[in-house]
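Visitor: Contents of protein.cif (mmCIF, C-alpha atoms):
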data_entry
#
loop_
_atom_site.label_atom_id
_atom_site.label_comp_id
_atom_site.auth_asym_id
_atom_site.auth_seq_id
_atom_site.Cartn_x
_atom_site.Cartn_y
_atom_site.Cartn_z
CA MET H 1 0.00 0.00 0.00
CA ASN H 2 1.36 3.43 -0.97
CA ARG H 3 2.51 5.86 1.68
CA THR H 4 3.38 9.52 1.38
CA SER H 5 6.92 10.18 2.60
CA LYS H 6 8.41 13.35 4.07
CA ILE H 7 12.03 13.54 5.27
CA ILE H 8 13.10 16.10 7.88
CA SER H 9 16.54 16.83 9.35
CA ILE H 10 16.51 16.83 13.16
CA SER H 11 18.87 18.92 15.30
CA ASN H 12 18.02 17.46 18.72
CA ILE H 13 17.08 13.78 18.58
CA THR H 14 16.60 13.43 22.34
CA VAL H 15 14.00 16.19 22.47
CA LEU H 16 12.18 14.91 19.36
CA LYS H 17 11.94 11.40 20.83
CA GLU H 18 10.34 12.80 23.99
CA GLN H 19 7.91 14.84 21.89
CA LEU H 20 6.94 11.93 19.62
CA LEU H 21 6.23 9.65 22.54
CA SER H 22 4.19 12.27 24.39
CA TRP H 23 2.21 13.20 21.24
CA SER H 24 1.41 9.52 20.60
CA GLN H 25 -0.65 9.21 23.80
CA GLN H 26 -3.80 10.51 22.08
CA PHE H 27 -4.07 7.28 20.03
CA GLU H 28 -5.59 3.91 20.97
CA GLU H 29 -2.84 1.93 19.21
CA VAL H 30 0.79 2.87 19.81
CA VAL H 31 4.06 1.01 19.25
CA TRP H 32 7.23 2.89 20.20
CA LEU H 33 10.55 1.09 19.62
CA ASP H 34 13.71 2.76 20.93
CA SER H 35 17.35 1.72 20.54
CA ASN H 36 18.40 4.26 23.20
CA SER H 37 21.61 4.97 21.23
CA TYR H 38 23.10 1.71 22.50
CA GLU H 39 26.53 1.71 20.88
CA ARG H 40 27.39 -2.00 20.84
CA GLN H 41 24.23 -3.19 19.11
CA ASN H 42 24.92 -5.49 16.16
CA TYR H 43 22.80 -4.93 13.05
CA PRO H 44 21.38 -1.54 14.09
CA GLU H 45 18.84 0.06 11.77
CA TYR H 46 16.68 2.70 13.41
CA GLU H 47 17.28 4.86 16.46
CA ALA H 48 13.53 4.86 17.10
CA ILE H 49 10.21 4.01 15.43
CA LEU H 50 6.72 5.25 16.25
CA ALA H 51 3.61 3.63 14.76
CA VAL H 52 0.14 4.91 15.71
CA ASP H 53 -3.54 4.73 14.77
CA ALA H 54 -4.64 1.40 13.28
CA PHE H 55 -6.10 1.34 9.77
CA THR H 56 -6.40 -2.47 9.76
CA SER H 57 -5.59 -5.00 12.47
CA LEU H 58 -5.36 -8.69 13.34
CA LYS H 59 -6.15 -9.87 16.87
CA THR H 60 -6.58 -13.57 17.61
CA ASP H 61 -5.98 -16.44 19.99
CA TYR H 62 -3.32 -19.06 19.28
CA GLN H 63 -5.40 -21.38 17.06
CA GLY H 64 -4.16 -20.95 13.51
CA ALA H 65 -2.51 -17.70 14.56
CA PHE H 66 0.61 -18.02 12.40
CA ASP H 67 -1.48 -18.89 9.33
CA GLN H 68 -3.64 -15.82 9.96
CA LEU H 69 -0.54 -13.65 10.42
CA GLU H 70 0.95 -14.98 7.18
CA GLU H 71 -2.23 -14.16 5.28
CA TYR H 72 -2.44 -10.69 6.86
CA GLN H 73 1.22 -9.83 6.25
CA SER H 74 1.30 -11.11 2.66
CA THR H 75 -2.01 -9.44 1.76
CA ILE H 76 -1.38 -6.04 3.36
CA LYS H 77 2.21 -5.74 2.04
CA ASP H 78 2.73 -2.70 4.26
CA TRP H 79 4.32 -1.88 7.59
CA ILE H 80 2.62 -3.82 10.38
CA PHE H 81 3.45 -3.69 14.10
CA GLY H 82 2.49 -5.91 17.00
CA TYR H 83 3.33 -8.83 19.20
CA LEU H 84 3.57 -12.61 19.39
CA SER H 85 2.74 -13.99 22.84
CA TYR H 86 4.65 -16.94 24.29
CA ASP H 87 1.45 -19.00 24.14
CA LEU H 88 1.65 -19.21 20.34
CA LYS H 89 3.66 -22.30 21.25
CA ASN H 90 0.22 -23.93 21.34
CA ASP H 91 -0.11 -23.20 17.61
CA THR H 92 3.30 -24.61 16.66
CA GLU H 93 3.13 -27.65 18.98
CA ARG H 94 0.43 -29.74 20.66
CA LEU H 95 0.63 -27.79 23.90
CA THR H 96 -1.77 -25.94 26.20
CA SER H 97 -1.63 -22.98 28.59
CA LYS H 98 -3.89 -23.34 31.62
CA ASN H 99 -2.01 -21.31 34.21
CA ASP H 100 -3.44 -18.21 35.90
CA ASP H 101 -3.86 -15.15 33.66
CA LYS H 102 -5.04 -11.77 34.99
CA LEU H 103 -3.70 -9.69 32.11
CA ASP H 104 -6.02 -10.99 29.33
CA PHE H 105 -3.83 -10.03 26.38
CA ALA H 106 -4.73 -11.65 23.04
CA ASP H 107 -2.26 -14.31 21.91
CA LEU H 108 -1.39 -12.29 18.79
CA HIS H 109 -2.13 -8.67 17.89
CA PHE H 110 -0.83 -6.69 14.88
CA PHE H 111 -1.98 -3.48 13.23
CA GLN H 112 -1.26 -1.43 10.13
CA PRO H 113 -0.57 2.15 11.29
CA LYS H 114 -1.99 5.15 9.47
CA LYS H 115 0.92 7.22 10.78
CA LEU H 116 4.54 6.08 10.96
CA PHE H 117 7.77 7.80 12.02
CA LEU H 118 11.25 6.35 11.38
CA LEU H 119 14.23 8.00 13.07
CA LYS H 120 17.68 7.14 11.70
CA GLY H 121 20.72 9.25 12.55
CA ASN H 122 19.64 12.89 12.36
CA THR H 123 16.89 12.13 9.85
CA LEU H 124 13.19 11.61 10.51
CA GLU H 125 11.12 9.96 7.80
CA ILE H 126 7.36 10.42 8.13
CA LEU H 127 5.23 7.85 6.28
CA TYR H 128 1.45 8.40 6.20
CA LEU H 129 -1.25 6.41 4.42
CA GLY H 130 -3.03 8.34 1.68
CA MET H 131 -6.22 9.02 3.63
CA VAL H 132 -4.29 11.05 6.25
CA ASP H 133 -1.28 12.39 4.32
CA ASP H 134 -2.73 15.91 4.34
CA GLU H 135 -2.11 15.88 8.12
CA ILE H 136 1.70 15.44 7.96
CA ASP H 137 2.69 19.11 8.29
CA GLU H 138 0.05 19.90 10.90
CA ASP H 139 1.02 16.84 12.95
CA PHE H 140 4.74 17.67 12.82
CA GLU H 141 4.04 21.19 14.02
CA GLU H 142 1.98 19.75 16.85
CA ILE H 143 4.73 17.25 17.73
CA THR H 144 7.48 19.87 17.87
CA ALA H 145 5.26 22.10 20.01
CA THR H 146 4.59 19.29 22.49
CA LYS H 147 6.03 19.72 25.96
CA PRO H 148 6.70 16.31 27.52
CA PRO H 149 4.88 15.94 30.85
CA GLU H 150 6.81 15.67 34.08
CA THR H 151 7.27 12.06 35.17
CA LYS H 152 6.22 12.23 38.80
CA SER H 153 6.52 9.35 41.25
CA GLN H 154 3.59 7.12 42.01
CA ALA H 155 0.98 8.95 44.11
CA GLN H 156 0.62 5.76 46.13
CA PRO H 157 3.50 3.25 45.99
CA LEU H 158 2.26 -0.15 44.90
CA SER H 159 2.43 -3.25 47.06
CA ILE H 160 4.31 -5.88 45.04
CA LYS H 161 3.29 -9.46 45.71
CA LEU H 162 4.91 -12.76 44.75
CA LYS H 163 3.01 -15.42 42.88
CA ILE H 164 5.61 -17.95 44.07
CA HIS H 165 7.41 -17.37 47.36
CA LYS H 166 11.14 -17.93 47.76
CA GLU H 167 11.11 -21.46 49.18
CA ALA H 168 8.45 -22.60 46.69
CA TYR H 169 10.53 -21.23 43.80
CA LYS H 170 13.62 -23.03 45.07
CA GLU H 171 11.59 -26.25 45.31
CA LYS H 172 10.54 -25.79 41.68
CA VAL H 173 14.20 -25.37 40.72
CA ARG H 174 14.93 -28.67 42.47
CA SER H 175 12.07 -30.32 40.53
CA MET H 176 13.54 -28.97 37.30
CA LEU H 177 16.94 -30.37 38.30
CA GLU H 178 15.37 -33.81 38.80
CA HIS H 179 14.15 -33.69 35.19
CA ILE H 180 17.67 -32.75 34.09
CA TYR H 181 19.31 -35.54 36.11
CA ARG H 182 16.83 -38.03 34.59
CA GLY H 183 17.84 -36.87 31.12
CA ASP H 184 14.43 -35.40 30.18
CA ILE H 185 16.05 -32.07 29.32
CA TYR H 186 19.45 -30.35 29.40
CA GLU H 187 18.21 -26.88 30.26
CA ALA H 188 14.96 -24.99 30.80
CA ASN H 189 13.94 -21.44 31.60
CA LEU H 190 11.90 -21.23 34.83
CA CYS H 191 10.00 -17.99 35.45
CA GLN H 192 8.02 -16.45 38.28
CA GLU H 193 5.54 -13.57 38.37
CA PHE H 194 5.42 -10.52 40.64
CA TYR H 195 2.19 -8.53 40.59
CA ALA H 196 0.24 -5.64 42.09
CA ALA H 197 -3.32 -4.32 42.03
CA GLY H 198 -3.80 -0.65 41.27
CA THR H 199 -3.30 2.00 38.62
CA ILE H 200 -0.13 3.46 37.14
CA ASN H 201 0.84 6.14 34.64
CA PRO H 202 2.25 3.86 31.90
CA LEU H 203 4.23 6.57 30.13
CA ALA H 204 5.87 7.79 33.34
CA ILE H 205 6.73 4.22 34.38
CA TYR H 206 8.17 3.44 30.93
CA LYS H 207 10.37 6.54 30.98
CA ARG H 208 11.76 5.72 34.41
CA LEU H 209 12.32 2.08 33.52
CA THR H 210 14.28 2.88 30.35
CA ALA H 211 16.21 5.67 32.10
CA ILE H 212 17.54 3.03 34.52
CA SER H 213 18.51 0.57 31.79
CA SER H 214 18.94 2.43 28.42
CA PRO H 215 18.08 -0.84 26.62
CA PRO H 216 18.67 -1.39 22.88
CA PHE H 217 15.17 -2.86 22.45
CA GLY H 218 13.04 -0.54 24.56
CA THR H 219 9.30 -0.78 23.82
CA TYR H 220 6.22 1.19 24.78
CA LEU H 221 3.15 -0.61 23.49
CA LYS H 222 -0.42 0.57 24.03
CA LEU H 223 -3.40 -1.30 22.60
CA GLU H 224 -6.48 0.34 24.08
CA ASP H 225 -6.34 -0.55 27.82
CA GLN H 226 -3.37 -2.91 27.62
CA PHE H 227 0.22 -1.79 27.94
CA LEU H 228 3.73 -3.21 27.64
CA LEU H 229 6.56 -1.17 29.16
CA SER H 230 9.75 -2.95 28.19
CA ALA H 231 13.46 -2.38 28.82
CA SER H 232 14.52 -5.44 26.85
CA PRO H 233 18.21 -5.93 26.07
CA GLU H 234 17.56 -8.89 23.75
CA ARG H 235 16.86 -9.24 20.05
CA TYR H 236 14.85 -12.33 19.16
CA ILE H 237 15.06 -12.38 15.37
CA LYS H 238 15.70 -10.01 12.49
CA LYS H 239 15.38 -10.49 8.71
CA ILE H 240 17.46 -8.39 6.29
CA GLY H 241 16.73 -9.57 2.75
CA SER H 242 17.48 -13.29 2.88
CA LYS H 243 19.63 -13.04 6.02
CA ILE H 244 18.25 -14.07 9.43
CA VAL H 245 19.89 -12.86 12.65
CA THR H 246 19.19 -14.13 16.17
CA GLN H 247 20.95 -12.97 19.35
CA PRO H 248 20.10 -15.10 22.39
CA ILE H 249 21.08 -13.92 25.85
CA LYS H 250 22.07 -16.42 28.53
CA GLY H 251 24.30 -15.34 31.40
CA THR H 252 23.90 -12.38 33.76
CA ALA H 253 26.22 -10.61 36.21
CA LYS H 254 25.85 -7.40 38.18
CA ARG H 255 27.82 -4.21 37.47
CA GLY H 256 30.63 -3.11 39.75
CA VAL H 257 30.79 0.04 41.85
CA ASP H 258 34.00 1.14 40.11
CA GLU H 259 35.88 0.28 36.90
CA LYS H 260 38.14 -2.30 38.55
CA GLU H 261 35.28 -4.21 40.16
CA ASP H 262 33.15 -3.90 37.03
CA THR H 263 35.91 -5.35 34.85
CA ALA H 264 36.34 -8.20 37.33
CA PHE H 265 32.59 -9.01 37.24
CA ALA H 266 32.59 -9.00 33.41
CA LYS H 267 35.68 -11.25 33.32
CA ALA H 268 34.16 -13.64 35.86
CA LEU H 269 31.00 -13.91 33.71
CA GLN H 270 33.09 -14.49 30.58
CA GLU H 271 34.94 -17.35 32.29
CA ASN H 272 32.00 -18.85 34.20
CA SER H 273 31.64 -22.42 32.93
CA LYS H 274 27.99 -22.72 34.02
CA GLU H 275 26.95 -19.50 32.26
CA ARG H 276 28.91 -20.42 29.12
CA SER H 277 27.34 -23.89 29.01
CA GLU H 278 23.85 -22.32 29.29
CA ASN H 279 24.61 -20.00 26.42
CA ILE H 280 26.16 -22.67 24.22
CA MET H 281 23.21 -25.04 24.75
CA ILE H 282 20.83 -22.33 23.53
CA VAL H 283 23.12 -21.51 20.61
CA ASP H 284 22.91 -25.17 19.56
CA LEU H 285 19.10 -25.05 19.86
CA VAL H 286 18.96 -21.83 17.79
CA ARG H 287 21.26 -23.30 15.12
CA ASN H 288 18.91 -26.27 14.86
CA ASP H 289 15.85 -23.98 14.63
CA LEU H 290 17.43 -21.84 11.90
CA SER H 291 18.51 -24.89 9.90
CA LYS H 292 14.83 -25.72 9.25
CA THR H 293 14.50 -22.76 6.89
CA ALA H 294 18.15 -22.11 5.95
CA GLN H 295 20.13 -22.77 2.79
CA LYS H 296 22.43 -25.72 3.41
CA GLY H 297 25.61 -24.76 5.27
CA SER H 298 24.52 -21.16 5.83
CA VAL H 299 23.97 -21.27 9.61
CA ILE H 300 26.90 -19.42 11.20
CA VAL H 301 27.77 -18.52 14.79
CA GLU H 302 29.14 -15.02 14.28
CA GLU H 303 29.67 -14.34 17.97
CA LEU H 304 29.83 -16.82 20.86
CA CYS H 305 29.45 -15.91 24.54
CA GLU H 306 30.38 -12.23 24.21
CA VAL H 307 29.86 -10.16 27.36
CA TYR H 308 27.98 -6.89 26.79
CA PRO H 309 27.67 -4.10 29.38
CA PHE H 310 24.26 -2.59 30.17
CA LYS H 311 23.49 0.03 32.79
CA GLN H 312 22.40 -2.47 35.46
CA VAL H 313 23.95 -5.79 34.44
CA HIS H 314 26.45 -7.53 32.18
CA GLN H 315 24.89 -10.00 29.73
CA MET H 316 26.39 -12.88 27.75
CA ILE H 317 25.16 -12.71 24.15
CA SER H 318 25.73 -14.87 21.08
CA THR H 319 24.90 -13.99 17.48
CA VAL H 320 23.75 -16.70 15.06
CA THR H 321 22.85 -16.04 11.41
CA SER H 322 21.56 -17.95 8.40
CA THR H 323 20.48 -17.46 4.80
CA LEU H 324 16.85 -18.34 4.07
CA SER H 325 16.05 -20.99 1.50
CA LEU H 326 14.10 -19.82 -1.53
CA GLY H 327 10.33 -19.83 -1.06
CA ILE H 328 10.37 -19.46 2.74
CA SER H 329 7.88 -16.78 3.78
CA PRO H 330 8.77 -14.15 6.41
CA VAL H 331 6.20 -15.57 8.84
CA ASP H 332 7.51 -19.13 8.35
CA ALA H 333 11.00 -17.91 9.26
CA ILE H 334 9.57 -16.82 12.62
CA ARG H 335 7.21 -19.77 13.11
CA SER H 336 10.09 -22.28 12.79
CA THR H 337 12.02 -20.66 15.66
CA PHE H 338 9.18 -19.67 18.00
CA PRO H 339 9.20 -19.47 20.98
CA MET H 340 12.81 -18.33 21.17
CA GLY H 341 15.37 -20.72 22.61
CA SER H 342 16.55 -18.37 25.34
CA MET H 343 13.11 -18.47 26.99
CA THR H 344 12.37 -22.19 26.56
CA GLY H 345 15.13 -24.81 26.81
CA ALA H 346 16.56 -27.92 25.22
CA PRO H 347 15.06 -30.09 23.89
CA LYS H 348 12.53 -27.32 23.30
CA LEU H 349 9.24 -29.27 23.28
CA ARG H 350 9.92 -31.24 26.47
CA ALA H 351 11.27 -28.12 28.17
CA MET H 352 8.06 -26.21 27.37
CA GLN H 353 5.95 -29.05 28.78
CA ILE H 354 7.91 -29.04 32.05
CA ILE H 355 7.86 -25.23 32.23
CA GLU H 356 4.07 -25.26 31.97
CA SER H 357 3.77 -27.84 34.77
CA LEU H 358 6.02 -25.93 37.18
CA GLU H 359 5.13 -22.30 36.55
CA GLU H 360 1.97 -20.85 38.08
CA SER H 361 1.26 -17.91 35.75
CA LYS H 362 0.44 -17.94 32.06
CA ARG H 363 3.33 -16.15 30.41
CA GLY H 364 1.26 -14.44 27.73
CA LEU H 365 3.20 -11.54 26.25
CA TYR H 366 6.07 -12.02 28.70
CA SER H 367 8.82 -13.99 26.89
CA GLY H 368 6.99 -13.39 23.63
CA ALA H 369 8.14 -10.79 21.10
CA VAL H 370 7.27 -7.29 19.88
CA GLY H 371 8.31 -5.90 16.52
CA TYR H 372 7.36 -5.13 12.95
CA PHE H 373 7.29 -6.26 9.34
CA THR H 374 8.30 -3.93 6.49
CA PRO H 375 6.47 -3.83 3.13
CA ASP H 376 9.31 -5.94 1.66
CA GLY H 377 8.85 -8.67 4.27
CA ASP H 378 11.86 -7.84 6.42
CA PHE H 379 11.27 -7.83 10.18
CA ASP H 380 12.80 -7.18 13.59
CA PHE H 381 11.52 -8.52 16.95
CA ASN H 382 12.77 -8.26 20.52
CA VAL H 383 12.33 -10.68 23.41
CA VAL H 384 9.84 -9.43 26.00
CA ILE H 385 11.91 -9.53 29.19
CA ARG H 386 12.71 -6.85 31.81
CA SER H 387 9.16 -5.67 31.17
CA ILE H 388 6.06 -4.46 33.00
CA LEU H 389 2.64 -5.50 31.70
CA TYR H 390 -0.46 -3.53 32.65
CA ASN H 391 -4.16 -4.07 32.09
CA ALA H 392 -5.72 -0.71 32.98
CA GLU H 393 -9.29 -2.04 32.90
CA ASN H 394 -8.48 -4.86 35.34
CA GLU H 395 -6.12 -2.61 37.33
CA TYR H 396 -3.53 -5.39 37.24
CA ILE H 397 0.23 -4.82 36.98
CA SER H 398 2.67 -7.66 36.39
CA TYR H 399 6.31 -8.39 35.75
CA SER H 400 8.02 -11.76 35.48
CA VAL H 401 11.63 -12.86 35.70
CA GLY H 402 13.40 -16.16 35.31
CA GLY H 403 16.61 -17.95 34.54
CA ALA H 404 18.03 -20.97 32.82
CA ILE H 405 18.23 -24.09 34.97
CA THR H 406 21.05 -26.51 34.10
CA ALA H 407 22.71 -29.40 35.91
CA GLY H 408 25.03 -26.90 37.59
CA SER H 409 22.26 -24.70 38.95
CA ASP H 410 22.01 -23.84 42.63
CA PRO H 411 18.48 -22.94 43.84
CA ASP H 412 19.69 -20.06 46.05
CA SER H 413 21.80 -18.56 43.25
CA GLU H 414 18.92 -18.88 40.78
CA TYR H 415 16.60 -17.00 43.13
CA GLU H 416 19.19 -14.24 43.65
CA GLU H 417 19.57 -13.91 39.86
CA CYS H 418 15.80 -13.44 39.58
CA LEU H 419 15.91 -10.63 42.15
CA LEU H 420 18.76 -8.96 40.26
CA LYS H 421 16.76 -9.04 37.01
CA ALA H 422 13.64 -7.75 38.81
CA LYS H 423 15.42 -4.87 40.54
CA ALA H 424 14.58 -2.11 38.03
CA MET H 425 10.90 -3.07 37.62
CA ARG H 426 10.41 -3.23 41.37
CA ALA H 427 12.10 0.12 41.93
CA VAL H 428 9.96 2.04 39.45
CA LEU H 429 6.71 0.49 40.65
CA GLU H 430 7.44 0.99 44.34
CA GLY H 431 8.35 4.62 43.74
CA ASP H 432 11.96 4.30 44.91
CA LEU H 433 13.19 6.55 42.07
#
For the structure just supplied, provide its representation as structure tokens.

Guide:
Amino acid sequence: MNRTSKIISISNITVLKEQLLSWSQQFEEVVWLDSNSYERQNYPEYEAILAVDAFTSLKTDYQGAFDQLEEYQSTIKDWIFGYLSYDLKNDTERLTSKNDDKLDFADLHFFQPKKLFLLKGNTLEILYLGMVDDEIDEDFEEITATKPPETKSQAQPLSIKLKIHKEAYKEKVRSMLEHIYRGDIYEANLCQEFYAAGTINPLAIYKRLTAISSPPFGTYLKLEDQFLLSASPERYIKKIGSKIVTQPIKGTAKRGVDEKEDTAFAKALQENSKERSENIMIVDLVRNDLSKTAQKGSVIVEELCEVYPFKQVHQMISTVTSTLSLGISPVDAIRSTFPMGSMTGAPKLRAMQIIESLEESKRGLYSGAVGYFTPDGDFDFNVVIRSILYNAENEYISYSVGGAITAGSDPDSEYEECLLKAKAMRAVLEGDL
């Protein structure tokens, strides 16, 4: 579908990003994707993207969801934005999700925006569908006149509750270890939910969360009364022409108080045999997933167990790429790898079955993916971690964290890792910032 394009040079990107995000709040459908100028990101493309105001949309449960998405994407042949929830596993495998769910997000939701903004370097490209292209100049004037609201603390700090208490979580880790010792699985990601009842200002919470973390895959998603506020450091999958890129994260360490301590923590993570084995197991799983749609011999590990610094933690990241075989559709390239290896385990199917039996909350959008398709069928999706989910109608706020359990896992250490990953979300919700 044709779009009218206008290109504008920007002098102050930071201010414009604030203005775009504030201006977007008038719309029912908003996807804001922000790279936060993260310098070490491989395969960067846009500094930020804003998509608002649905012209068409697809919202469905898991049954036949990927087929519906393929039809939608191939028919529209335009930019579409949205999410894939973790529970689309029930579409790709004979699985179910019966755990508790208070968020009520659809399993899949995409929309075609009337208004689209692409920020790259110092250049903003505005792309509007024909029926609204006469609004470009007026909208840009309104955007640049917007004064971002002050992000005040919570009027009433929320009371965060645990779905699974410490000793119960450690017992679940021990149950997972029994499966590993029996040879059912090598590794699995075990998650737990923290939640609160009440109301929040989603935009203010998102700004504080990303200020703490400056993540390369920050996301503010609003679909009517449902919100995702994400400080994700992880790319799930990207398509550039016929090239597929995945970048699983496995391995976390805290930052030091000074350069010497910080360097020591990074070095310790780099040399930690347990963390490396976790990462390598997932790399093997990802290589296998990519091989289903790849040209023979094209699956390459470009980067193995590299340690990347983020504001709050160090992360161990690997980069695996492939070249798609002829005739593979964009949606099939995603379907064959979903859910991502870093949030499931190996072997993937058995790991997902065990995860479902041990966890107490339906994951939904958590550990799913948010991103977009271009008109040419390229795409880019993150992994929904380090994220707050909010259903304004239900007044329910949720964040989940987890970690990979392997034969070398210690229940106490796994619980402490969860608390480290949850630190930023807890701080912004409890009003400690």

Visitor: Take the PyMOL selection byres ((chain H and resi 167-183) around 9), apply it to the structure above, and return the hits as a PyMOL selection string.

Guide: chain H and resi 164-166+184-188+190-192+354-355+358-359+405-412+414-415

Visitor: Ranking H:His109, H:Lys238, H:Arg287, H:Arg255 by minimum distance to Leu69 in chain H and counting all atoms listed in the file, which one comes first?

Guide: H:His109

Visitor: Evaluating the PyMOL selection byres ((chain H and resi 37) around 8) on the displayed file yields which residues, as a list of chain:residue names?

Guide: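 Answer for the PyMOL selection byres ((chain H and resi 37) around 8): H:Ser35, H:Asn36, H:Tyr38, H:Glu39, H:Glu47, H:Pro216.
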
Visitor: Run the PyMOL selection byres ((chain H and resi 90) around 12) on the file and write out the hits as a list of chain:residue names.

Guide: H:Asp61, H:Tyr62, H:Gln63, H:Gly64, H:Ala65, H:Phe66, H:Leu84, H:Ser85, H:Tyr86, H:Asp87, H:Leu88, H:Lys89, H:Asp91, H:Thr92, H:Glu93, H:Arg94, H:Leu95, H:Thr96, H:Ser97, H:Lys98, H:Asp107, H:Arg335, H:Phe338, H:Pro339, H:Leu349, H:Met352, H:Gln353, H:Glu356, H:Gly364

Visitor: In Å, with one decimal, what is the gap from CA of Leu304 in chain H to CA of Lys120 in chain H?

Guide: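 So the answer is 28.4 Å.
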
Visitor: Could you tell me which of H:Ile317, H:Val245, H:Ala106, H:Leu50 comes closest to Phe381 in chain H if we count all atoms listed in the file?

Guide: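 Closest to Phe381 in chain H of all the choices is H:Val245.
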
Visitor: Here is a test: counting all atoms listed in the file, which residue of H:Ala266, H:Val428, H:Leu229, H:Ala196 is nearest to Lys102 in chain H?

Guide: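 The closest residue to Lys102 in chain H is H:Ala196.
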
Visitor: Taking only C-alpha atoms into account, name the residue in H:Lys423, H:Lys147, H:Arg3, H:Lys250 that is nearest to Gln270 in chain H.

Guide: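 For Gln270 in chain H, the nearest of the candidates is H:Lys250.
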
Visitor: Would you mind listing what lies within 7 Å of Ile160 in chain H as a list of chain:residue names, with only C-alpha atoms counted and same-chain residues fewer than 2 positions away left out?

Guide: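 The residues that qualify are H:Leu158, H:Leu162, H:Phe194, H:Tyr195, H:Ala196.
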
Visitor: When distances are computed from only C-alpha atoms, which of H:Leu420, H:Leu290, H:Ile76, H:Leu103 shows the smallest separation from Ala197 in chain H?

Guide: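 Looking only at the distances to Ala197 in chain H, the closest residue turns out to be H:Leu103.
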
Visitor: Give me the residues near Leu33 in chain H as a list of chain:residue names, where near means some atom within 6 Å (using only C-alpha atoms) and where sequence neighbours in that chain fewer than 6 positions away do not count.

Guide: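 Using only C-alpha atoms, the neighbours found are H:Ala48, H:Ile49, H:Gly218, H:Thr219.
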
Visitor: State, in Å with one decimal place, the distance from CA of Trp23 in chain H to CA of Glu142 in chain H.

Guide: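 About the pair CA of Trp23 in chain H and CA of Glu142 in chain H: they are 7.9 Å apart.
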
Visitor: Taking (-5.2, 1.9, 30.7) in the file's own coordinates, collect the residues within 8 Å, counting only C-alpha atoms, and hand them back as a list in words.

Guide: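 Every residue inside that radius is included here: Pro202, Glu224, Asp225, Gln226, Phe227, Tyr390, Asn391, Ala392 and Glu393 of chain H.
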
Visitor: Any idea what the distance is between CA of Ala333 in chain H and CA of Met281 in chain H?

Guide: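 Taking CA of Ala333 in chain H as the start and CA of Met281 in chain H as the end point, the length is 21.0 Å.
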
Visitor: Output file request: range 8-19 of chain H, with N, CA and C atoms, as a CSV table (one decimal), in the first residue's frame.

Guide:
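Below you can see decode.csv, which holds the result:
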chain,number,residue,atom,x,y,z
H,8,ILE,N,12.8,14.9,7.1
H,8,ILE,CA,13.1,16.1,7.9
H,8,ILE,C,14.4,15.9,8.6
H,9,SER,N,15.3,16.9,8.6
H,9,SER,CA,16.5,16.8,9.4
H,9,SER,C,16.2,17.3,10.8
H,10,ILE,N,16.8,16.6,11.7
H,10,ILE,CA,16.5,16.8,13.2
H,10,ILE,C,17.8,17.3,13.8
H,11,SER,N,17.7,18.4,14.6
H,11,SER,CA,18.9,18.9,15.3
H,11,SER,C,19.0,18.3,16.7
H,12,ASN,N,17.9,18.0,17.4
H,12,ASN,CA,18.0,17.5,18.7
H,12,ASN,C,17.2,16.2,18.8
H,13,ILE,N,17.8,15.1,18.6
H,13,ILE,CA,17.1,13.8,18.6
H,13,ILE,C,16.4,13.5,19.9
H,14,THR,N,17.1,13.8,21.0
H,14,THR,CA,16.6,13.4,22.3
H,14,THR,C,15.3,14.1,22.6
H,15,VAL,N,15.2,15.4,22.3
H,15,VAL,CA,14.0,16.2,22.5
H,15,VAL,C,12.9,15.7,21.6
H,16,LEU,N,13.2,15.4,20.3
H,16,LEU,CA,12.2,14.9,19.4
H,16,LEU,C,11.6,13.6,19.8
H,17,LYS,N,12.4,12.7,20.3
H,17,LYS,CA,11.9,11.4,20.8
H,17,LYS,C,10.9,11.6,22.0
H,18,GLU,N,11.3,12.5,22.9
H,18,GLU,CA,10.3,12.8,24.0
H,18,GLU,C,9.0,13.3,23.4
H,19,GLN,N,9.1,14.2,22.5
H,19,GLN,CA,7.9,14.8,21.9
H,19,GLN,C,7.1,13.8,21.1
